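*Asks:* A single structure is presented below for examination.
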Amino acid sequence: MSEADDDGLRNSERDIRFGHDLRHVQDENGVDLLLLKQNLQLSVEERLLALEDFVRFADEVHLGEREQL
Amino acid sequence: MNFRLGLEVLVRHRVEFVVVGGVAVVAHGANLMTRDLDILYRLEDTNVERLVSAFAELGAVAYGDPRNLPFSFAHLNNTGHHLADTKAGRIDALGSIGLRGEVRYETVAVDAVEMSAFGVTFACIAIDRLIAIKTELGRPRDRLAVMELEALKKLRG
């Protein structure tokens with residue numbers, strides 16, 4: 001790959017491995033739009049179960065931190 | 001939190017309520033960490049009795065008090081915020097919401113959205129009303145929810 005091609009890829013939005021353009025991922029407030037799009041594909045029940053899982057995970061982390069003290 | 005149990009018991013006892021707060025934010029599809037199910041219930045004698053029964057089945061006791069105090073009709077028959085520890089996790093039964101406690105069930109129920117999960121159907125506060133109330137409350141946590149909900153609205157188009 002020539003240096004010119006490489007620069008082209010780096011500056012291109014086609015290959016996000018060179019770095020995401022955050023304008024395509026977050027809005028002006030930093031809200032993760034991709035995550036919201038994923039959420040919209042879920043049912044209400046799946047959203048609530050995901051929240052339960054997240055709370056459980058947070059509690060386990062908190063418990064682990066307390067046990068280390 | 002066990003949303004399945006909390007919602008199933010409330011619905012089975014035919015409590016008239018609307019899900020509000022953080023769980024409503026999540027149910028609409030936005031992201032927010034919350035540990036409690038906030039419900040705005042209808043302040044009417046029969047409905048309050050139903051809520052007392054549902055709370056009894058869930059073993060609800062007043063949050064933050066080591067004496068494990070259960071709720072009676074008199075405790076719930078007012079516009080206050082009744083925070084409860086239950087078998088289903090924290091359930092906050094709200095007689096009113098809003099900055100000055102001026103928003104009642106009847107107002108929110110008008111345009112509430114019907115949602116289904118865990119085999120039950122329940123009412124959830126409309127996204128625009130949720131945004132309006134959280135904007136008025138204006139705490140950092142509310143502002144975060146509003147940003148998520150506004151972005152969600154844009155995505156939905």
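Letters for chains follow the order of the structure tokens (A, B, ...), residue numbers begin at 1 for each chain, and ligand numbers begin at 1 in the order shown.
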DSSP on the backbone, then: every residue of chain B marked strand (DSSP E or B), written as a ChimeraX atom specification.
*Replies:* /B:17-20,36-41,61-62,70,81-86,89-94,97,103,113-117,120-124
*Asks:* Name all residues at most 12 Å from Arg23 (chain A) (count only C-alpha atoms; drop same-chain ones fewer than 6 positions away) and give them as a list in words.
*Replies:* Glu13, Asn29, Gly30, Val31, Asp32, Leu33 and Leu34 of chain A
*Asks:* Could you tell me which residues of chain B sit within 6 Å of chain A when counting only C-alpha atoms, and give me the result as a count of residues only?
*Replies:* 3
*Asks:* So which residues of region 6-54 of chain A fall under alpha helix (DSSP H) by DSSP, listed as a PyMOL selection string?
*Replies:* chain A and resi 6-11+33-40+44-54
*Asks:* Pick out the residues sitting within 7 Å of region 13-19 of chain B, and hand them over as a list in words; count only C-alpha atoms, and ignore anything fewer than 4 positions along from it in its own chain.
*Replies:*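 Neighbouring residues, sequence-local ones excluded: Val9, Ala24, Asp38, Ile39, Leu40, Tyr41, Arg42, Asn47, Arg50, Leu51, Ala54, Ala109, Ala123, Cys124 and Ile125 of chain B.
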*Asks:* Give the answer as one residue: which of B:Ala145, B:Leu43, B:Ala62, B:Thr34 has the shortest atom-to-atom distance to Asp59 (chain A), using only C-alpha atoms?
*Replies:*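 Smallest distance to Asp59 (chain A) is found for B:Thr34.
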*Asks:* Find the residues near region 90-93 of chain B: any atom within 6 Å, counting only C-alpha atoms, skip ones fewer than 5 places away on the same chain, and give them as a ChimeraX atom specification.
*Replies:* /B:36-39,82-85
*Asks:* Generate the output file for the selected residues, N, CA and C atoms, as a PDB file, in the first residue's frame.
*Replies:*
```pdb
ATOM      1  N   ASP B  36     -34.832   1.625  41.031  1.00  0.00           N
ATOM      2  CA  ASP B  36     -36.183   1.559  41.578  1.00  0.00           C
ATOM      3  C   ASP B  36     -37.242   1.746  40.496  1.00  0.00           C
ATOM      4  N   LEU B  37     -38.369   1.139  40.778  1.00  0.00           N
ATOM      5  CA  LEU B  37     -39.526   1.263  39.898  1.00  0.00           C
ATOM      6  C   LEU B  37     -40.415   2.363  40.480  1.00  0.00           C
ATOM      7  N   ASP B  38     -40.515   3.474  39.766  1.00  0.00           N
ATOM      8  CA  ASP B  38     -41.352   4.589  40.223  1.00  0.00           C
ATOM      9  C   ASP B  38     -42.723   4.468  39.581  1.00  0.00           C
ATOM     10  N   ILE B  39     -43.747   4.463  40.422  1.00  0.00           N
ATOM     11  CA  ILE B  39     -45.107   4.441  39.873  1.00  0.00           C
ATOM     12  C   ILE B  39     -45.894   5.624  40.431  1.00  0.00           C
ATOM     13  N   HIS B  82     -43.785   7.552  48.509  1.00  0.00           N
ATOM     14  CA  HIS B  82     -43.678   6.432  49.432  1.00  0.00           C
ATOM     15  C   HIS B  82     -42.634   5.463  48.900  1.00  0.00           C
ATOM     16  N   LEU B  83     -41.467   5.513  49.461  1.00  0.00           N
ATOM     17  CA  LEU B  83     -40.352   4.702  48.981  1.00  0.00           C
ATOM     18  C   LEU B  83     -40.360   3.381  49.737  1.00  0.00           C
ATOM     19  N   ALA B  84     -40.398   2.287  48.993  1.00  0.00           N
ATOM     20  CA  ALA B  84     -40.581   0.995  49.637  1.00  0.00           C
ATOM     21  C   ALA B  84     -39.529  -0.017  49.210  1.00  0.00           C
ATOM     22  N   ASP B  85     -39.035  -0.753  50.188  1.00  0.00           N
ATOM     23  CA  ASP B  85     -38.235  -1.947  49.910  1.00  0.00           C
ATOM     24  C   ASP B  85     -39.204  -3.106  49.796  1.00  0.00           C
TER      25      ASP B  85
END
```
